[in-house]
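Novice: One structure, pasted below without further comment.
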Amino acid sequence: MELLNFLLALLPILWLVVALTVFKWPTFKAAIGSLVISAILAITKWQMPVMDMASAALEGFAMALWPIILVIIAAVFTYNLTLKTGAMEIIKQMIASVSSDKRIIVLLIAWCFGGFMEGMAGFGTAIAIPASMLVGLGFNPLFSCLVCLIANGVPTPFGSIGIPTVTLANLVGLENTSLSFMTSLQLAPFVIAAPFLIVMATGKGPKALKGMLPVTLASSLGFILPQLAVSYFVGAELAVVVGSVCSLALTILFASKKKSDPQYEMQITKQENITVSKALMAWCPFILIFVFLLLTSKMVMPINEALSVFATQTTIYTGEDPTVITFSWINTPGVWIFISAIIGGLIQKASLKDFGRVLVDTLNQMKETMITMLSVLAVAKIMGYAGMISDISSFVIAITGSFYPFFAPWFGALGTFVTGSGTNSGVLFGQVQLEAAQALNANSLWIVALNSLGVAVGKMLSPQSLAIALSSVDSKGQDSKLLSMVLPYGAVMILLMSILAFVGNMVL
């Protein structure tokens, strides 16, 4: 009976796997299918009243709209606006002009700039843009995809202004800063390793690290140490943004002191000189996002507390033990990102017509993602309230016992591999991880954070990530070849993550 309950409870998630990998359905259609399946099962098998099921779905819709979809639209709108005004071209030129050493160029573009784009926008931009930049500079298309996929894994839990971790924290009822810090702590060895892997991939082996150790180490530590600090004091929203900017600054500083190696020299076409005012104008939307989010965070309590009154607390679910939902109407990242984009766009001389056109284009671009988010959050809420999540976690714990933490990152990896989204992975499996931790009397923060740890590998290997990378470098149809290139990195990482998960759980 327990096995039957487990299989039926898992059916909405299994449907996602089959619909995406076997039937090749688009994610939004597969997610709608999962919603229908979870609703039918909740009413029939788990005897959930129709009104309770509908209100659970409505709660999921509300959580998806505010703040998740708001942040996603705002972040992508900001990026699209910088494309429209030409600011993104200036940013690209600035980064590409730092060095002629191809190892440093790849670090700057794939790791530092890619991390920045993941932190600010996410949703494929952090793979597509750096990969296309590298190809534009003369790198091999498949190599460009490979290094961008390696670079994009570990920042994903904090992508799009931290939305995967913020959503996970809200869903399972954990503190943003506590979960963010634990996630960053678990990711730390892999964040440190990523730039070294990128340099070795660029030079085809460990020999490429010769003369590059100081730069690579600065790029690693310059990323993770600020990320840890921001996670602890501020939360998920700016962790990767600050980490990537610090890494970029330190990598440029150390690169400027490094003698060029003829073996790795590249010929780069000289661009026009970029003045300080032109550079500041190009970066201003992102600078404003950083400033606004920092000033309104808990780092500046007087402002944070003054804005916290503009919020509404309510319950939506009509059944027993409903979750109290808080909607912050002003002090939410999406609002500040939109304000930053508008101010930055005006500074960059965007017209009202430009704003309108970019917003409409962004909404069209992201409509399938919005449907996916609405559906997946509704599925998670129905499964949670109906008891389906409890049945999944009970069965998994019964089978794995004290070895559960070893397998915990695999849930995060599976969710991201299937949906292409760290946010969706947390929504699908976050509650499973929490209930497993409670059943094992384990540290809830440690176990829940392991889901985000696995997200890093799932993002590297996800068919959606591969497709985005290949389409950005005009190499569609080479998915299997690219997967064979990135799979060894992912396989080793998930094994090491599982060992870390198990050992860490024994210590805590």
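Here, A, B, ... name the chains of the structure tokens in the order displayed, residue numbers run from 1 inside each chain, and ligands are numbered from 1 in the same displayed order.
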Set out as a tab-separated table a contact list for range 116-235 of chain A and range 448-470 of chain A with a cut-off of 7 Å, giving each residue of range 116-235 of chain A that qualifies its closest atom pair and distance in Å to one decimal, counting only C-alpha atoms, ordered by chain and rising residue number.
Specialist:
residue	atom	partner	partner_atom	distance
A:Gly124	CA	A:Ile468	CA	6.4
A:Ile127	CA	A:Ala469	CA	5.8
A:Ala128	CA	A:Ala469	CA	5.3
A:Ala131	CA	A:Ala469	CA	6.8
A:Cys145	CA	A:Ala469	CA	5.4
A:Leu149	CA	A:Met460	CA	5.1
A:Ile150	CA	A:Met460	CA	6.2
A:Asn152	CA	A:Met460	CA	6.9
A:Gly153	CA	A:Ala456	CA	4.1
A:Val154	CA	A:Ala456	CA	4.8
A:Thr156	CA	A:Ala456	CA	6.2
A:Pro157	CA	A:Ser452	CA	5.7
A:Leu179	CA	A:Ala449	CA	6.5
A:Met182	CA	A:Ala449	CA	6.4
A:Thr183	CA	A:Ala449	CA	5.0
A:Gln186	CA	A:Leu453	CA	6.7
A:Leu187	CA	A:Leu453	CA	6.2
Novice: Just the residues within 6 Å of range 66-79 of chain A, please, counting only C-alpha atoms, with nothing from its chain fewer than 3 positions along; format it as a ChimeraX atom specification.
Specialist: /A:63,82,121,334,337-338,341,362
Novice: When distances are computed from only C-alpha atoms, which of A:Asn176, A:Met212, A:Pro189, A:Phe116 shows the smallest separation from Cys246 in chain A?
Specialist: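 When distances to Cys246 in chain A are compared using only C-alpha atoms, the smallest one comes from A:Phe116.
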Novice: Write out as a list in words each polymer residue whose atoms come within 9 Å of Met299 in chain A, counting only C-alpha atoms; drop sequence neighbours fewer than 3 positions from it.
Specialist: Phe233, Val234, Leu294, Leu295, Thr296 and Asn304 of chain A
Novice: Take the residues from that selection and write them out as an mmCIF file, in the first residue's frame, keeping N, CA and C atoms.
Specialist:
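The result, stored in out_12.cif:
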data_model
loop_
_atom_site.group_PDB
_atom_site.id
_atom_site.type_symbol
_atom_site.label_atom_id
_atom_site.label_comp_id
_atom_site.auth_asym_id
_atom_site.auth_seq_id
_atom_site.Cartn_x
_atom_site.Cartn_y
_atom_site.Cartn_z
ATOM 1 N N PHE A 233 24.376 38.109 5.978
ATOM 2 C CA PHE A 233 23.898 39.395 6.498
ATOM 3 C C PHE A 233 22.679 39.957 5.757
ATOM 4 N N VAL A 234 22.566 39.678 4.458
ATOM 5 C CA VAL A 234 21.505 40.285 3.638
ATOM 6 C C VAL A 234 20.474 39.254 3.187
ATOM 7 N N LEU A 294 20.167 46.672 -1.460
ATOM 8 C CA LEU A 294 20.985 46.743 -0.240
ATOM 9 C C LEU A 294 20.355 47.680 0.782
ATOM 10 N N LEU A 295 19.910 48.860 0.329
ATOM 11 C CA LEU A 295 19.335 49.860 1.244
ATOM 12 C C LEU A 295 18.017 49.397 1.870
ATOM 13 N N THR A 296 17.270 48.549 1.160
ATOM 14 C CA THR A 296 15.970 48.104 1.675
ATOM 15 C C THR A 296 16.045 46.741 2.360
ATOM 16 N N ASN A 304 14.099 49.187 6.112
ATOM 17 C CA ASN A 304 13.423 47.900 5.973
ATOM 18 C C ASN A 304 12.141 47.857 6.801
#
Novice: With only C-alpha atoms as the counted atoms, please give the residues lying no more than 12 Å from Trp111 in chain A, apart from itself and same-chain residues fewer than 4 positions off, as a ChimeraX atom specification.
Specialist: /A:95,103-107,115-119,126-127,129-131,134,144,146-155,191-199,216,219-220,222-223,240,243-248,251
Novice: Take the residues from that selection and write them out as an mmCIF file, in the first residue's frame, keeping C-alpha atoms.
Specialist:
data_model
loop_
_atom_site.group_PDB
_atom_site.id
_atom_site.type_symbol
_atom_site.label_atom_id
_atom_site.label_comp_id
_atom_site.auth_asym_id
_atom_site.auth_seq_id
_atom_site.Cartn_x
_atom_site.Cartn_y
_atom_site.Cartn_z
ATOM 1 C CA ILE A 95 35.067 42.899 -20.281
ATOM 2 C CA ARG A 103 42.275 31.703 -20.272
ATOM 3 C CA ILE A 104 41.602 35.073 -18.623
ATOM 4 C CA ILE A 105 39.069 36.059 -21.294
ATOM 5 C CA VAL A 106 37.115 32.826 -20.688
ATOM 6 C CA LEU A 107 37.229 33.364 -16.904
ATOM 7 C CA GLY A 115 27.693 34.804 -12.796
ATOM 8 C CA PHE A 116 26.590 38.437 -12.878
ATOM 9 C CA MET A 117 23.988 37.724 -15.573
ATOM 10 C CA GLU A 118 22.712 34.714 -13.597
ATOM 11 C CA GLY A 119 22.400 36.814 -10.446
ATOM 12 C CA ALA A 126 23.772 33.632 -18.238
ATOM 13 C CA ILE A 127 24.483 30.807 -20.695
ATOM 14 C CA ILE A 129 25.061 35.769 -23.694
ATOM 15 C CA PRO A 130 28.556 34.674 -22.523
ATOM 16 C CA ALA A 131 28.585 31.767 -25.009
ATOM 17 C CA LEU A 134 33.067 33.850 -26.702
ATOM 18 C CA SER A 144 32.050 28.060 -25.523
ATOM 19 C CA LEU A 146 30.874 23.775 -22.302
ATOM 20 C CA VAL A 147 32.619 26.447 -20.205
ATOM 21 C CA CYS A 148 29.408 28.469 -19.855
ATOM 22 C CA LEU A 149 27.514 25.391 -18.626
ATOM 23 C CA ILE A 150 30.261 24.622 -16.082
ATOM 24 C CA ALA A 151 30.229 28.251 -14.956
ATOM 25 C CA ASN A 152 26.440 28.485 -14.719
ATOM 26 C CA GLY A 153 25.823 25.556 -12.365
ATOM 27 C CA VAL A 154 26.880 26.869 -8.952
ATOM 28 C CA PRO A 155 25.346 30.388 -9.212
ATOM 29 C CA VAL A 191 32.447 27.540 -6.404
ATOM 30 C CA ILE A 192 36.174 27.449 -5.632
ATOM 31 C CA ALA A 193 36.698 24.551 -8.062
ATOM 32 C CA ALA A 194 34.679 25.986 -10.986
ATOM 33 C CA PRO A 195 37.222 28.602 -12.225
ATOM 34 C CA PHE A 196 40.006 25.996 -12.079
ATOM 35 C CA LEU A 197 37.890 23.609 -14.178
ATOM 36 C CA ILE A 198 37.167 26.413 -16.655
ATOM 37 C CA VAL A 199 40.872 27.295 -17.027
ATOM 38 C CA THR A 216 42.217 31.689 -10.769
ATOM 39 C CA SER A 219 38.514 34.591 -9.170
ATOM 40 C CA SER A 220 37.327 31.723 -6.928
ATOM 41 C CA GLY A 222 36.648 36.705 -4.795
ATOM 42 C CA PHE A 223 33.323 35.073 -5.665
ATOM 43 C CA VAL A 240 25.727 36.000 -6.476
ATOM 44 C CA GLY A 243 30.128 37.673 -5.544
ATOM 45 C CA SER A 244 30.400 37.969 -9.330
ATOM 46 C CA VAL A 245 31.204 41.699 -9.246
ATOM 47 C CA CYS A 246 33.943 41.159 -6.634
ATOM 48 C CA SER A 247 35.292 38.220 -8.627
ATOM 49 C CA LEU A 248 35.287 40.352 -11.787
ATOM 50 C CA THR A 251 40.250 38.869 -11.733
#
Novice: Please identify which residues in range 103-158 of chain A DSSP calls helix (DSSP H, G or I) from the backbone, and express them as a PyMOL selection string.
Specialist: chain A and resi 103-120+125-136+141-153+156-158
Novice: Just how far from CA of Gln93 in chain A is CA of Gly114 in chain A, in Å to one decimal?
Specialist: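 A separation of 14.5 Å between them.
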Novice: If you count only C-alpha atoms, which residues fall within 10 Å of Phe158 in chain A, apart from same-chain ones fewer than 6 positions away, as a VMD selection string?
Specialist: chain A and resid 115 118 to 120 122 164 to 166 180 183 to 184 227 231 235 to 241 422 to 423 452
Novice: If I take CA of Ile447 in chain A and CA of Glu59 in chain A, how far is one from the other in Å, to one decimal?
Specialist: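 Result for CA of Ile447 in chain A versus CA of Glu59 in chain A: 25.2 Å, one decimal.
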Novice: Using only C-alpha atoms, which residue out of A:Thr21, A:Ala96, A:Phe190, A:Ala62 lies closest to Val492 in chain A?
Specialist: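 Using only C-alpha atoms, the shortest distance to Val492 in chain A belongs to A:Phe190.
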Novice: Which residues are near range 428-431 of chain A? Cut-off 10 Å, only C-alpha atoms, ignore same chain within fewer than 4 positions. Put them as a PyMOL selection string.
Specialist: chain A and resi 12-13+167-169+171-173+376-377+379-381+383-384+389-390+392-393+408+411-412+414-416+422-424+435-437+447-452
Novice: Against range 273-285 of chain A, which residues of range 68-130 of chain A fall within 7 Å? For each one I want the closest pair of atoms and the distance in Å (one decimal), counting only C-alpha atoms, rows by chain and increasing residue number, as a tab-separated table.
Specialist:
residue	atom	partner	partner_atom	distance
A:Ala87	CA	A:Ala282	CA	4.4
A:Met88	CA	A:Ala282	CA	6.9
A:Ile90	CA	A:Ala282	CA	6.5
A:Ile91	CA	A:Ala282	CA	6.6
Novice: Quick one: distance from CA of Ala9 in chain A to CA of Ala56 in chain A in Å, one decimal?
Specialist: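 Between CA of Ala9 in chain A and CA of Ala56 in chain A the gap is 16.1 Å.
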